[in-house]
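Trainee: Quick one: structure below, then a few questions.
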Amino acid sequence: MEIRVERLTEDNFNTHSLDNFIRHQVVTECWRNVDGNWILLPISFVEEWSLDKCREEALAIANNLNGDMIDYGAFAETDLIGYITVGTEKLGTKKQYVQLVTFQVSEAFRGMGVGRKLFEKAVTIAREYGAKKLYISAHSSKESQAAYKALGCVYAEEIIPWIAEEEPCDVQMEYVL
C-alpha cells in the first residue's frame with residue numbers, strides 16, 4: 001500500500017476528512033513524575049473518539065489551514081490515516097522551540113511507518129521555521145511514550161507552562177533538530 005504525505009489544504013481536507021479515522025487506544029499503564037522520578041503506574045482507560053469528536057478535530061484543522069500552523073496528512077488512497085500540526089510561533093526562553101501541536105495515526109495504520117513519515121515532516125517544518133527543537137506535550141501511556149522515544153524524543157529541558165497546564169498528565173518532551 002502506497003502512503004503519501006502532503007500538506008493539508010482546502011482541496012484535500014474538509015470537516016468530514018476524519019469521519020473514518022479511528023482514534024482508539026486501550027491504556028493500561030501511564031508514566032507519571034512522582035517526587036522527581038518517572039515511574040510507570042497502572043492507570044487504565046480507553047481513549048476513543050466518537051464521530052462528533054472526529055468532526056470537531058477536523059473543524060479545528062480546517063479553520064486553521066491558512067492560519068499560523070502547518071498541517072500535513074498521510075493518505076492511503078483517498079483516506080486520511082494520520083496527520084500532524086506544527087505551530088510556527090517560536091517558544092521557550094531562547095525561542096528554541098516550535099510545537100508539535102497534534103500527532104495522530106489511525107489505529108489500523110500504527111506500526112507501519114506512517115507516524116515516522118509524519119514526524120519527519122514535522123522536523124522539516126521546524127527547521128524551516130528556524131527552530132532548534134520540537135516541543136511535544138506527549139500522551140503519557142506506555143505505548144505512546146515508547147513511540148516518541150523510538151523517534152528520538154527526550155524529556156524537555158524547558159517546560160512551557162501554558163502547554164503543560166493544558167494536559168497535566170502529558171509528558172513534556174522535545175526533539176533536538
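By order of appearance in the C-alpha cells: chains A, B, ..., then residues from 1 within every chain, and ligands from 1 in the order shown.
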List the neighbours of A:Val123 out to 12 Å using only C-alpha atoms; skip same-chain residues closer than 3 positions along the sequence, and give me the result as JSON, numbers by chain.
Mentor: {"A": [70, 72, 84, 85, 86, 87, 97, 98, 99, 100, 116, 117, 118, 119, 120, 126, 127, 128, 129, 130, 131, 132, 133, 134, 135, 136, 151, 152, 153, 174, 175, 176, 177]}
Trainee: Among the residues of stretch 34-63 of chain A, find those DSSP assigns to strand (DSSP E or B) from the backbone and print them as a list of chain:residue names.
Mentor: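 Those in stretch 34-63 of chain A that DSSP calls strand (DSSP E or B) are A:Val34, A:Asn37, A:Trp38, A:Ile39, A:Leu40, A:Leu41, A:Phe45, A:Val46, A:Glu47, A:Glu48.
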Trainee: Given the choices A:Tyr155, A:Trp162, A:Phe21, A:Trp49, which gets closest to A:Phe75 if the distance is worked out from only C-alpha atoms?
Mentor: A:Phe21
Trainee: What does the distance from atom CA of A:His139 to atom CA of A:Ile159 come to in Å, to one decimal?
Mentor: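 So the two atoms, atom CA of A:His139 and atom CA of A:Ile159, lie 15.2 Å apart.
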Trainee: Can you pull out every residue within 12 Å of A:Met1, counting only C-alpha atoms, but drop anything in the same chain fewer than 6 positions away, and send it as a list of chain:residue names?
Mentor: A:Phe75, A:Ala76, A:Glu77, A:Phe109, A:Met112, A:Gly113, A:Val114
Trainee: Got a sec: who's within 10 Å of stretch 33-42 of chain A, counting only C-alpha atoms, leaving out chain neighbours fewer than 6 positions off, as a count of residues only?
Mentor: 6
Trainee: Which residue is closest to A:Val105? Choose from A:Pro168, A:Gly67, A:Gly82, A:Gly92 and count only C-alpha atoms.
Mentor: A:Gly82
Trainee: Kindly indicate which residue among A:Glu10, A:Ser17, A:Gln145, A:Ala156 lies nearest to A:Asp79, using only C-alpha atoms for the distances.
Mentor: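 For A:Asp79, the nearest of the candidates is A:Ser17.
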Trainee: With distances taken over only C-alpha atoms, which of A:Glu47, A:Glu143, A:Glu89, A:Glu167 is nearest to A:Arg110?
Mentor: A:Glu143
Trainee: Enter the distance from atom CA of A:Val101 to atom CA of A:Ser137, in Å, rounded to one decimal.
Mentor: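 Distance reported for this atom pair: 7.8 Å.
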Trainee: Measure the distance from atom CA of A:Phe13 to atom CA of A:Gly73 in Å and round it to one decimal.
Mentor: 8.9 Å
Trainee: Write down as an MDAnalysis selection string the residues of chain A whose backbone DSSP state falls under helix (DSSP H, G or I).
Mentor: chainID A and resid 51:63 107:109 114:128 142:150 161:166
Trainee: How about saving the chosen residues, C-alpha atoms kept, as a PDB file, in the first residue's frame?
Mentor:
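Saved to part24.pdb:
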ATOM      1  CA  LEU A  51     -17.736  10.681  15.051  1.00  0.00           C
ATOM      2  CA  ASP A  52     -18.630  14.032  16.641  1.00  0.00           C
ATOM      3  CA  LYS A  53     -15.155  14.298  18.186  1.00  0.00           C
ATOM      4  CA  CYS A  54     -13.532  13.444  14.836  1.00  0.00           C
ATOM      5  CA  ARG A  55     -15.578  16.181  13.171  1.00  0.00           C
ATOM      6  CA  GLU A  56     -14.674  18.626  15.949  1.00  0.00           C
ATOM      7  CA  GLU A  57     -10.979  17.900  15.347  1.00  0.00           C
ATOM      8  CA  ALA A  58     -11.452  18.206  11.585  1.00  0.00           C
ATOM      9  CA  LEU A  59     -13.205  21.553  12.004  1.00  0.00           C
ATOM     10  CA  ALA A  60     -10.316  22.865  14.109  1.00  0.00           C
ATOM     11  CA  ILE A  61      -7.835  21.822  11.421  1.00  0.00           C
ATOM     12  CA  ALA A  62      -9.998  23.184   8.585  1.00  0.00           C
ATOM     13  CA  ASN A  63     -10.366  26.532  10.345  1.00  0.00           C
ATOM     14  CA  GLU A 107      -5.429   2.690  14.729  1.00  0.00           C
ATOM     15  CA  ALA A 108      -5.220   0.278  11.784  1.00  0.00           C
ATOM     16  CA  PHE A 109      -2.125   2.057  10.425  1.00  0.00           C
ATOM     17  CA  VAL A 114       3.106   6.297   8.990  1.00  0.00           C
ATOM     18  CA  GLY A 115       3.972   8.101  12.221  1.00  0.00           C
ATOM     19  CA  ARG A 116       7.657   8.221  11.311  1.00  0.00           C
ATOM     20  CA  LYS A 117       6.871   9.784   7.910  1.00  0.00           C
ATOM     21  CA  LEU A 118       4.680  12.409   9.557  1.00  0.00           C
ATOM     22  CA  PHE A 119       7.234  13.087  12.286  1.00  0.00           C
ATOM     23  CA  GLU A 120       9.960  13.585   9.675  1.00  0.00           C
ATOM     24  CA  LYS A 121       7.721  16.186   8.024  1.00  0.00           C
ATOM     25  CA  ALA A 122       7.291  17.925  11.409  1.00  0.00           C
ATOM     26  CA  VAL A 123      11.081  18.037  11.775  1.00  0.00           C
ATOM     27  CA  THR A 124      11.418  19.569   8.309  1.00  0.00           C
ATOM     28  CA  ILE A 125       8.823  22.236   9.152  1.00  0.00           C
ATOM     29  CA  ALA A 126      10.550  23.052  12.453  1.00  0.00           C
ATOM     30  CA  ARG A 127      13.865  23.526  10.636  1.00  0.00           C
ATOM     31  CA  GLU A 128      12.215  25.744   8.018  1.00  0.00           C
ATOM     32  CA  LYS A 142       3.411   3.354  27.930  1.00  0.00           C
ATOM     33  CA  GLU A 143       2.841   2.787  24.202  1.00  0.00           C
ATOM     34  CA  SER A 144       2.816   6.471  23.237  1.00  0.00           C
ATOM     35  CA  GLN A 145       5.965   7.136  25.241  1.00  0.00           C
ATOM     36  CA  ALA A 146       7.692   4.162  23.595  1.00  0.00           C
ATOM     37  CA  ALA A 147       6.758   5.548  20.163  1.00  0.00           C
ATOM     38  CA  TYR A 148       8.098   9.023  20.958  1.00  0.00           C
ATOM     39  CA  LYS A 149      11.304   7.624  22.409  1.00  0.00           C
ATOM     40  CA  ALA A 150      11.775   5.416  19.320  1.00  0.00           C
ATOM     41  CA  PRO A 161       3.910  26.262  31.433  1.00  0.00           C
ATOM     42  CA  TRP A 162       0.771  27.059  29.447  1.00  0.00           C
ATOM     43  CA  ILE A 163       1.195  23.924  27.334  1.00  0.00           C
ATOM     44  CA  ALA A 164       1.871  21.681  30.345  1.00  0.00           C
ATOM     45  CA  GLU A 165      -1.179  23.091  32.141  1.00  0.00           C
ATOM     46  CA  GLU A 166      -3.492  22.188  29.226  1.00  0.00           C
TER      47      GLU A 166
END
